[in-house]
Protein chains: 2
Amino acid sequence: MNLENEISLRQTLDRFNVLSDVEFSEFLKVCEYREFSKKDYLLKSGNYNHGIYFIISGVVGLFELIDGEKMYQNFFLENEFANELKSLSTQTPSTKNLIALTTINSFYLNRKKLLELYDKSASFERLGRKLLEHILNGQNEISYVLQSLKPEKRYEYLEIERPELLKSIPLTYLASYLGLARETLSRIRARK
Amino acid sequence: MNLENEISLRQTLDRFNVLSDVEFSEFLKVCEYREFSKKDYLLKSGNYNHGIYFIISGVVGLFELIDGEKMYQNFFLENEFANELKSLSTQTPSTKNLIALTTINSFYLNRKKLLELYDKSASFERLGRKLLEHILNGQNEISYVLQSLKPEKRYEYLEIERPELLKSIPLTYLASYLGLARETLSRIRARK
DNA sequence: TTCATTTTGTGATTTTCGTCACATATAAGT
DNA sequence: ACTTATATGTGACGAAAATCACAAAATGAA
């Protein structure tokens, strides 16, 4: 069970191809197992952000309150790193929130401990850099969708590129993610 | 003149607070001075991407051809690093283009040489990581604009947060950047 | 200076999407 | 099982933006 979780993490990190066995066990030492119930906040706006979460199971949403409405900006699924990097890197209070959309099993990675790892070996720093590259590529993609695609095509983007989101996340949240009115997305789906 | 350019670079890098004097002169060794005329391509879609450019002076645009139209996705001004990180990090042919919108003076930073630097000292890797964080924060911001702001507010975002773009870049290009029809942006500006 | 190219402005028209209102369905909590 | 809270569907309507068409202005090149 616990071992299984570590294997998930290992496999995810292996895709970046940087950590040796020894380094991985070093890495594991900074991982704290944490659980959350649905609607729990992993990060609340106004608070400082001290780390990131590796999602073992469940779905986490990143949102910002705008005119009293939750605008979802990202979703993190199994085997992804839930994060809000702006407040993490600048160490200023977060304007955004991370919320558990389901029950969550996760590993928490404390920022300070990660920075200490960075000092120990360049491999960890490299892992951090590669993870950032990965996140940035994802962010570029969603920008492209918002900039260039009409509502119907945005929905198709989800169908093709991120079908897991359609399955696990309420339409209402996806609408804000795609920059559309809830009703518009509902109608797009209706005519399919 | 040449010294002046190096000072610009130094000041820009100093904001990340990682390189010593010695490391900076090491860094300078991988910088190749390059000039471009207006309309030259720094990167052409279909080609491999072998590095990034520090812009000493001028403006570079990042665009993608969609239905035969240039969709501008970013602009790089003086003292910024013009880049297309997806093709650079994955080493696949670029789908995007970097084009000189004015005469350009730049330093070219070759990817391989940068990776070699990364191996030499963790400071360089850290610089790379911090630069990525910086780029990612910018990318998050433009996503927010596209997702949450109506056309008029998008224009105001430029007025307030990026006035240099309004001064130096044709309205037509800015329209695609903001995900709007050219005419819409022209009318927004007219009623101000 | 002249000609071609690029960029911007502006009206008329069409389309799409957002908004409002309310019904229904589904899930969650006691 | 009952009640409340969340989420979804759908029609009517209006506002806003896209599209089309063309003129004017600005920029660049020969």
# chains A, B, ... in the order shown; residues from 1 in each chain; ligands from 1
>>> interface_residues(of="chain C", to="chain B", cutoff="10 Å", atoms="only C-alpha atoms (C1' of nucleotides)", output="PyMOL selection string")
chain C and resi 7-10
>>> select_by_dssp(residues="stretch 64-162 of chain B", states="alpha helix (DSSP H)", output="PyMOL selection string")
chain B and resi 85-90+111-120+122-148+151-161
>>> write_last_selection(atoms="C-alpha atoms", output="short mmCIF file (atom, residue, chain, number, x, y, z; two decimals), in the first residue's frame")
data_model
loop_
_atom_site.label_atom_id
_atom_site.label_comp_id
_atom_site.auth_asym_id
_atom_site.auth_seq_id
_atom_site.Cartn_x
_atom_site.Cartn_y
_atom_site.Cartn_z
CA LEU B 85 10.65 26.19 -24.95
CA LYS B 86 8.52 23.31 -26.11
CA SER B 87 10.63 22.46 -29.14
CA LEU B 88 13.76 23.36 -27.24
CA SER B 89 13.11 21.00 -24.35
CA THR B 90 11.62 18.12 -26.33
CA ARG B 111 21.24 24.75 -25.90
CA LYS B 112 24.08 22.24 -25.90
CA LYS B 113 26.47 24.75 -24.47
CA LEU B 114 23.97 25.67 -21.81
CA LEU B 115 23.54 22.02 -20.86
CA GLU B 116 27.31 21.73 -20.57
CA LEU B 117 27.28 24.72 -18.25
CA TYR B 118 24.60 23.03 -16.18
CA ASP B 119 26.99 20.12 -15.67
CA LYS B 120 29.79 22.39 -14.57
CA ALA B 122 24.68 23.90 -10.02
CA SER B 123 24.47 27.69 -10.17
CA PHE B 124 23.74 27.55 -13.87
CA GLU B 125 21.10 24.91 -13.41
CA ARG B 126 19.56 27.10 -10.74
CA LEU B 127 19.60 30.07 -13.06
CA GLY B 128 17.79 27.97 -15.64
CA ARG B 129 15.21 26.92 -13.09
CA LYS B 130 14.60 30.47 -11.93
CA LEU B 131 14.30 31.71 -15.47
CA LEU B 132 11.71 29.02 -16.12
CA GLU B 133 9.76 30.06 -13.04
CA HIS B 134 9.78 33.60 -14.31
CA ILE B 135 8.55 32.60 -17.75
CA LEU B 136 5.88 30.38 -16.25
CA ASN B 137 4.53 33.19 -14.10
CA GLY B 138 4.21 35.34 -17.19
CA GLN B 139 2.44 32.57 -19.04
CA ASN B 140 -0.03 32.11 -16.17
CA GLU B 141 -0.83 35.77 -16.35
CA ILE B 142 -1.71 35.77 -20.02
CA SER B 143 -3.83 32.65 -19.52
CA TYR B 144 -5.73 34.49 -16.83
CA VAL B 145 -6.33 37.41 -19.17
CA LEU B 146 -7.64 35.19 -21.93
CA GLN B 147 -9.78 33.11 -19.61
CA SER B 148 -11.35 35.75 -17.43
CA PRO B 151 -12.15 42.40 -24.61
CA GLU B 152 -12.17 45.87 -23.10
CA LYS B 153 -10.45 44.66 -19.93
CA ARG B 154 -7.86 42.84 -21.99
CA TYR B 155 -6.92 46.08 -23.62
CA GLU B 156 -6.75 47.75 -20.22
CA TYR B 157 -4.50 44.96 -19.04
CA LEU B 158 -2.03 45.93 -21.76
CA GLU B 159 -2.36 49.62 -20.95
CA ILE B 160 -1.56 49.00 -17.30
CA GLU B 161 0.70 45.96 -17.22
#
>>> atom_distance(atom1="atom CA of A:Leu98", atom2="atom CA of A:Phe54")
12.8 Å
>>> interface_residues(of="chain D", to="chain A", cutoff="12 Å", atoms="only C-alpha atoms (C1' of nucleotides)", output="VMD selection string")
chain D and resid 6 to 11 18
>>> atom_distance(atom1="atom CA of B:Ser8", atom2="atom CA of B:Glu78")
9.3 Å
>>> closest_residue(among="A:Leu9, A:Leu65, A:Ile56, A:Leu77", to="chain B", atoms="only C-alpha atoms")
A:Leu65
>>> select_by_dssp(residues="chain B", states="strand (DSSP E or B)", output="PyMOL selection string")
chain B and resi 31-36+41-43+51-57+60-66+69-76+81-82+97-100+104-110
>>> closest_residue(among="A:Arg10, A:Lys96, A:Lys39, A:Arg34", to="chain B", atoms="only C-alpha atoms")
A:Lys96
>>> residues_around(residues="stretch 1-5 of chain D", least_positions_apart="3", cutoff="9 Å", atoms="only C-alpha atoms (C1' of nucleotides)", output="PyMOL selection string")
chain C and resi 27-30
>>> write_last_selection(atoms="N, CA and C atoms (P, O5', C5', C4', C3', O3' and C1' of nucleotides)", output="PDB file, in the first residue's frame")
ATOM      1  P    DA C  27     -25.202  11.295  -9.131  1.00  0.00           P
ATOM      2  O5'  DA C  27     -24.777  12.126  -7.847  1.00  0.00           O
ATOM      3  C5'  DA C  27     -24.143  13.377  -8.023  1.00  0.00           C
ATOM      4  C4'  DA C  27     -23.961  14.035  -6.684  1.00  0.00           C
ATOM      5  C3'  DA C  27     -23.435  13.110  -5.590  1.00  0.00           C
ATOM      6  O3'  DA C  27     -22.394  13.810  -4.930  1.00  0.00           O
ATOM      7  C1'  DA C  27     -25.431  14.166  -4.872  1.00  0.00           C
ATOM      8  P    DA C  28     -21.583  13.185  -3.763  1.00  0.00           P
ATOM      9  O5'  DA C  28     -22.252  13.931  -2.519  1.00  0.00           O
ATOM     10  C5'  DA C  28     -22.364  15.351  -2.541  1.00  0.00           C
ATOM     11  C4'  DA C  28     -22.767  15.841  -1.174  1.00  0.00           C
ATOM     12  C3'  DA C  28     -22.176  15.041  -0.028  1.00  0.00           C
ATOM     13  O3'  DA C  28     -21.765  15.961   0.975  1.00  0.00           O
ATOM     14  C1'  DA C  28     -24.552  14.975   0.064  1.00  0.00           C
ATOM     15  P    DG C  29     -21.379  15.511   2.410  1.00  0.00           P
ATOM     16  O5'  DG C  29     -22.742  15.762   3.193  1.00  0.00           O
ATOM     17  C5'  DG C  29     -23.272  17.094   3.266  1.00  0.00           C
ATOM     18  C4'  DG C  29     -24.331  17.137   4.348  1.00  0.00           C
ATOM     19  C3'  DG C  29     -23.907  16.489   5.661  1.00  0.00           C
ATOM     20  O3'  DG C  29     -24.487  17.245   6.726  1.00  0.00           O
ATOM     21  C1'  DG C  29     -25.782  15.343   4.796  1.00  0.00           C
ATOM     22  P    DT C  30     -24.106  16.987   8.222  1.00  0.00           P
ATOM     23  O5'  DT C  30     -25.473  16.521   8.866  1.00  0.00           O
ATOM     24  C5'  DT C  30     -26.667  17.255   8.584  1.00  0.00           C
ATOM     25  C4'  DT C  30     -27.860  16.494   9.144  1.00  0.00           C
ATOM     26  C3'  DT C  30     -27.535  15.730  10.429  1.00  0.00           C
ATOM     27  O3'  DT C  30     -28.390  16.166  11.469  1.00  0.00           O
ATOM     28  C1'  DT C  30     -28.642  14.330   8.834  1.00  0.00           C
TER      29       DT C  30
END
>>> residues_around(residues="D:DA17", least_positions_apart="2", cutoff="10 Å", atoms="only C-alpha atoms (C1' of nucleotides)", output="list in words")
Pro151, Leu180, Ala181, Glu183 and Thr184 of chain B; DT15, DT16 and DC17 of chain C; DA15 and DT19 of chain D
>>> decode(residues="stretch 40-184 of chain A", atoms="C-alpha atoms", output="PDB file, in the first residue's frame")
ATOM      1  CA  ASP A  40     -10.651  20.501   1.954  1.00  0.00           C
ATOM      2  CA  TYR A  41      -8.222  23.222   0.946  1.00  0.00           C
ATOM      3  CA  LEU A  42      -4.652  22.219   0.191  1.00  0.00           C
ATOM      4  CA  LEU A  43      -3.859  25.916  -0.208  1.00  0.00           C
ATOM      5  CA  LYS A  44      -6.023  28.878   0.691  1.00  0.00           C
ATOM      6  CA  SER A  45      -5.742  32.319  -0.899  1.00  0.00           C
ATOM      7  CA  GLY A  46      -4.103  34.824   1.410  1.00  0.00           C
ATOM      8  CA  ASN A  47      -1.866  32.166   2.893  1.00  0.00           C
ATOM      9  CA  TYR A  48       1.750  31.439   2.155  1.00  0.00           C
ATOM     10  CA  ASN A  49       2.481  28.428   0.044  1.00  0.00           C
ATOM     11  CA  HIS A  50       5.072  26.085   1.456  1.00  0.00           C
ATOM     12  CA  GLY A  51       5.110  23.203  -0.963  1.00  0.00           C
ATOM     13  CA  ILE A  52       3.569  21.028  -3.634  1.00  0.00           C
ATOM     14  CA  TYR A  53       1.569  17.802  -3.609  1.00  0.00           C
ATOM     15  CA  PHE A  54       2.096  14.633  -5.557  1.00  0.00           C
ATOM     16  CA  ILE A  55      -1.416  13.247  -6.097  1.00  0.00           C
ATOM     17  CA  ILE A  56      -1.524   9.525  -5.444  1.00  0.00           C
ATOM     18  CA  SER A  57      -5.261   9.401  -6.042  1.00  0.00           C
ATOM     19  CA  GLY A  58      -8.071  11.884  -6.476  1.00  0.00           C
ATOM     20  CA  VAL A  59      -8.562  15.230  -8.215  1.00  0.00           C
ATOM     21  CA  VAL A  60      -7.406  18.659  -7.082  1.00  0.00           C
ATOM     22  CA  GLY A  61      -8.630  21.955  -8.541  1.00  0.00           C
ATOM     23  CA  LEU A  62      -6.772  25.262  -8.779  1.00  0.00           C
ATOM     24  CA  PHE A  63      -9.104  28.248  -8.728  1.00  0.00           C
ATOM     25  CA  GLU A  64      -9.235  31.959  -8.107  1.00  0.00           C
ATOM     26  CA  LEU A  65     -12.238  33.863  -6.782  1.00  0.00           C
ATOM     27  CA  ILE A  66     -13.281  36.511  -9.305  1.00  0.00           C
ATOM     28  CA  ASP A  67     -16.411  38.565  -8.574  1.00  0.00           C
ATOM     29  CA  GLY A  68     -17.333  35.920  -6.039  1.00  0.00           C
ATOM     30  CA  GLU A  69     -17.124  33.149  -8.645  1.00  0.00           C
ATOM     31  CA  LYS A  70     -14.677  30.268  -8.543  1.00  0.00           C
ATOM     32  CA  MET A  71     -12.676  30.442 -11.767  1.00  0.00           C
ATOM     33  CA  TYR A  72     -10.886  27.138 -12.208  1.00  0.00           C
ATOM     34  CA  GLN A  73      -7.481  27.532 -13.813  1.00  0.00           C
ATOM     35  CA  ASN A  74      -6.222  23.985 -13.653  1.00  0.00           C
ATOM     36  CA  PHE A  75      -6.961  20.472 -12.488  1.00  0.00           C
ATOM     37  CA  PHE A  76      -4.512  17.926 -11.138  1.00  0.00           C
ATOM     38  CA  LEU A  77      -5.154  14.216 -11.466  1.00  0.00           C
ATOM     39  CA  GLU A  78      -3.499  11.046 -10.269  1.00  0.00           C
ATOM     40  CA  ASN A  79       0.283  11.029 -10.651  1.00  0.00           C
ATOM     41  CA  GLU A  80       0.513  14.755 -11.187  1.00  0.00           C
ATOM     42  CA  PHE A  81       2.014  17.475  -9.023  1.00  0.00           C
ATOM     43  CA  ALA A  82      -0.615  19.863  -7.706  1.00  0.00           C
ATOM     44  CA  ASN A  83       0.990  23.271  -7.377  1.00  0.00           C
ATOM     45  CA  GLU A  84       0.637  27.024  -7.430  1.00  0.00           C
ATOM     46  CA  LEU A  85       4.088  28.101  -8.439  1.00  0.00           C
ATOM     47  CA  LYS A  86       3.774  31.845  -8.365  1.00  0.00           C
ATOM     48  CA  SER A  87       3.273  32.106  -4.613  1.00  0.00           C
ATOM     49  CA  LEU A  88       5.685  29.238  -4.079  1.00  0.00           C
ATOM     50  CA  SER A  89       8.553  30.815  -5.978  1.00  0.00           C
ATOM     51  CA  THR A  90       8.002  34.405  -4.885  1.00  0.00           C
ATOM     52  CA  GLN A  91       6.995  33.538  -1.302  1.00  0.00           C
ATOM     53  CA  THR A  92       4.138  35.987  -1.304  1.00  0.00           C
ATOM     54  CA  PRO A  93       0.586  35.172  -0.139  1.00  0.00           C
ATOM     55  CA  SER A  94      -1.286  33.161  -2.722  1.00  0.00           C
ATOM     56  CA  THR A  95      -4.116  34.722  -4.680  1.00  0.00           C
ATOM     57  CA  LYS A  96      -5.268  31.246  -5.650  1.00  0.00           C
ATOM     58  CA  ASN A  97      -6.641  28.154  -3.970  1.00  0.00           C
ATOM     59  CA  LEU A  98      -5.997  24.446  -4.244  1.00  0.00           C
ATOM     60  CA  ILE A  99      -9.058  22.431  -3.319  1.00  0.00           C
ATOM     61  CA  ALA A 100      -9.793  18.715  -3.071  1.00  0.00           C
ATOM     62  CA  LEU A 101     -12.538  17.872  -5.560  1.00  0.00           C
ATOM     63  CA  THR A 102     -12.540  14.291  -4.286  1.00  0.00           C
ATOM     64  CA  THR A 103     -10.923  12.420  -1.431  1.00  0.00           C
ATOM     65  CA  ILE A 104      -7.180  12.840  -1.878  1.00  0.00           C
ATOM     66  CA  ASN A 105      -4.178  10.687  -1.071  1.00  0.00           C
ATOM     67  CA  SER A 106      -0.970  12.579  -1.615  1.00  0.00           C
ATOM     68  CA  PHE A 107       2.658  13.131  -0.777  1.00  0.00           C
ATOM     69  CA  TYR A 108       3.441  16.607   0.424  1.00  0.00           C
ATOM     70  CA  LEU A 109       6.771  18.064  -0.635  1.00  0.00           C
ATOM     71  CA  ASN A 110       7.954  20.916   1.508  1.00  0.00           C
ATOM     72  CA  ARG A 111       9.659  23.763  -0.341  1.00  0.00           C
ATOM     73  CA  LYS A 112      12.461  24.251   2.160  1.00  0.00           C
ATOM     74  CA  LYS A 113      13.302  20.589   2.130  1.00  0.00           C
ATOM     75  CA  LEU A 114      13.301  20.583  -1.637  1.00  0.00           C
ATOM     76  CA  LEU A 115      15.678  23.537  -1.705  1.00  0.00           C
ATOM     77  CA  GLU A 116      17.966  21.654   0.663  1.00  0.00           C
ATOM     78  CA  LEU A 117      17.891  18.718  -1.713  1.00  0.00           C
ATOM     79  CA  TYR A 118      18.796  21.059  -4.542  1.00  0.00           C
ATOM     80  CA  ASP A 119      21.924  21.995  -2.630  1.00  0.00           C
ATOM     81  CA  LYS A 120      22.883  18.378  -2.057  1.00  0.00           C
ATOM     82  CA  SER A 121      22.940  17.242  -5.654  1.00  0.00           C
ATOM     83  CA  ALA A 122      22.497  18.835  -9.053  1.00  0.00           C
ATOM     84  CA  SER A 123      20.233  15.922 -10.006  1.00  0.00           C
ATOM     85  CA  PHE A 124      17.456  17.302  -7.859  1.00  0.00           C
ATOM     86  CA  GLU A 125      17.846  20.753  -9.287  1.00  0.00           C
ATOM     87  CA  ARG A 126      17.669  19.195 -12.728  1.00  0.00           C
ATOM     88  CA  LEU A 127      14.529  17.325 -11.799  1.00  0.00           C
ATOM     89  CA  GLY A 128      13.006  20.607 -10.681  1.00  0.00           C
ATOM     90  CA  ARG A 129      13.959  22.240 -13.935  1.00  0.00           C
ATOM     91  CA  LYS A 130      12.508  19.439 -16.028  1.00  0.00           C
ATOM     92  CA  LEU A 131       9.312  19.429 -14.037  1.00  0.00           C
ATOM     93  CA  LEU A 132       9.008  23.149 -14.660  1.00  0.00           C
ATOM     94  CA  GLU A 133       9.522  22.630 -18.374  1.00  0.00           C
ATOM     95  CA  HIS A 134       6.762  20.068 -18.338  1.00  0.00           C
ATOM     96  CA  ILE A 135       4.369  22.363 -16.479  1.00  0.00           C
ATOM     97  CA  LEU A 136       5.209  25.258 -18.770  1.00  0.00           C
ATOM     98  CA  ASN A 137       4.448  23.214 -21.881  1.00  0.00           C
ATOM     99  CA  GLY A 138       1.053  22.370 -20.437  1.00  0.00           C
ATOM    100  CA  GLN A 139       0.398  26.001 -19.652  1.00  0.00           C
ATOM    101  CA  ASN A 140       1.301  27.026 -23.193  1.00  0.00           C
ATOM    102  CA  GLU A 141      -1.199  24.558 -24.498  1.00  0.00           C
ATOM    103  CA  ILE A 142      -4.104  25.887 -22.490  1.00  0.00           C
ATOM    104  CA  SER A 143      -3.172  29.441 -23.494  1.00  0.00           C
ATOM    105  CA  TYR A 144      -3.335  28.351 -27.106  1.00  0.00           C
ATOM    106  CA  VAL A 145      -6.788  26.865 -26.568  1.00  0.00           C
ATOM    107  CA  LEU A 146      -8.105  30.028 -24.953  1.00  0.00           C
ATOM    108  CA  GLN A 147      -6.524  32.303 -27.523  1.00  0.00           C
ATOM    109  CA  SER A 148      -7.294  30.503 -30.738  1.00  0.00           C
ATOM    110  CA  LEU A 149     -10.180  28.081 -30.418  1.00  0.00           C
ATOM    111  CA  LYS A 150     -13.884  28.779 -30.519  1.00  0.00           C
ATOM    112  CA  PRO A 151     -16.074  27.250 -27.789  1.00  0.00           C
ATOM    113  CA  GLU A 152     -16.949  24.104 -29.734  1.00  0.00           C
ATOM    114  CA  LYS A 153     -13.288  23.413 -30.514  1.00  0.00           C
ATOM    115  CA  ARG A 154     -12.341  23.979 -26.908  1.00  0.00           C
ATOM    116  CA  TYR A 155     -14.696  21.231 -25.901  1.00  0.00           C
ATOM    117  CA  GLU A 156     -13.224  18.985 -28.591  1.00  0.00           C
ATOM    118  CA  TYR A 157      -9.784  19.736 -27.248  1.00  0.00           C
ATOM    119  CA  LEU A 158     -10.863  18.273 -23.936  1.00  0.00           C
ATOM    120  CA  GLU A 159     -12.462  15.269 -25.611  1.00  0.00           C
ATOM    121  CA  ILE A 160      -9.284  14.488 -27.512  1.00  0.00           C
ATOM    122  CA  GLU A 161      -6.438  15.702 -25.327  1.00  0.00           C
ATOM    123  CA  ARG A 162      -7.816  15.502 -21.815  1.00  0.00           C
ATOM    124  CA  PRO A 163     -10.766  13.092 -21.727  1.00  0.00           C
ATOM    125  CA  GLU A 164     -10.095  12.266 -18.069  1.00  0.00           C
ATOM    126  CA  LEU A 165     -11.170  15.789 -17.190  1.00  0.00           C
ATOM    127  CA  LEU A 166     -14.532  15.325 -18.887  1.00  0.00           C
ATOM    128  CA  LYS A 167     -15.105  12.187 -16.878  1.00  0.00           C
ATOM    129  CA  SER A 168     -14.079  13.381 -13.461  1.00  0.00           C
ATOM    130  CA  ILE A 169     -14.927  17.075 -13.275  1.00  0.00           C
ATOM    131  CA  PRO A 170     -18.289  18.875 -13.151  1.00  0.00           C
ATOM    132  CA  LEU A 171     -19.218  20.676 -16.340  1.00  0.00           C
ATOM    133  CA  THR A 172     -19.625  23.894 -14.396  1.00  0.00           C
ATOM    134  CA  TYR A 173     -15.976  23.868 -13.369  1.00  0.00           C
ATOM    135  CA  LEU A 174     -14.816  22.956 -16.831  1.00  0.00           C
ATOM    136  CA  ALA A 175     -16.760  25.894 -18.248  1.00  0.00           C
ATOM    137  CA  SER A 176     -14.754  28.375 -16.210  1.00  0.00           C
ATOM    138  CA  TYR A 177     -11.557  26.546 -17.121  1.00  0.00           C
ATOM    139  CA  LEU A 178     -12.396  26.982 -20.812  1.00  0.00           C
ATOM    140  CA  GLY A 179     -13.451  30.588 -20.387  1.00  0.00           C
ATOM    141  CA  LEU A 180     -17.093  29.884 -21.271  1.00  0.00           C
ATOM    142  CA  ALA A 181     -20.492  30.357 -19.687  1.00  0.00           C
ATOM    143  CA  ARG A 182     -21.772  27.200 -18.052  1.00  0.00           C
ATOM    144  CA  GLU A 183     -24.838  27.224 -20.304  1.00  0.00           C
ATOM    145  CA  THR A 184     -22.756  27.464 -23.449  1.00  0.00           C
TER     146      THR A 184
END
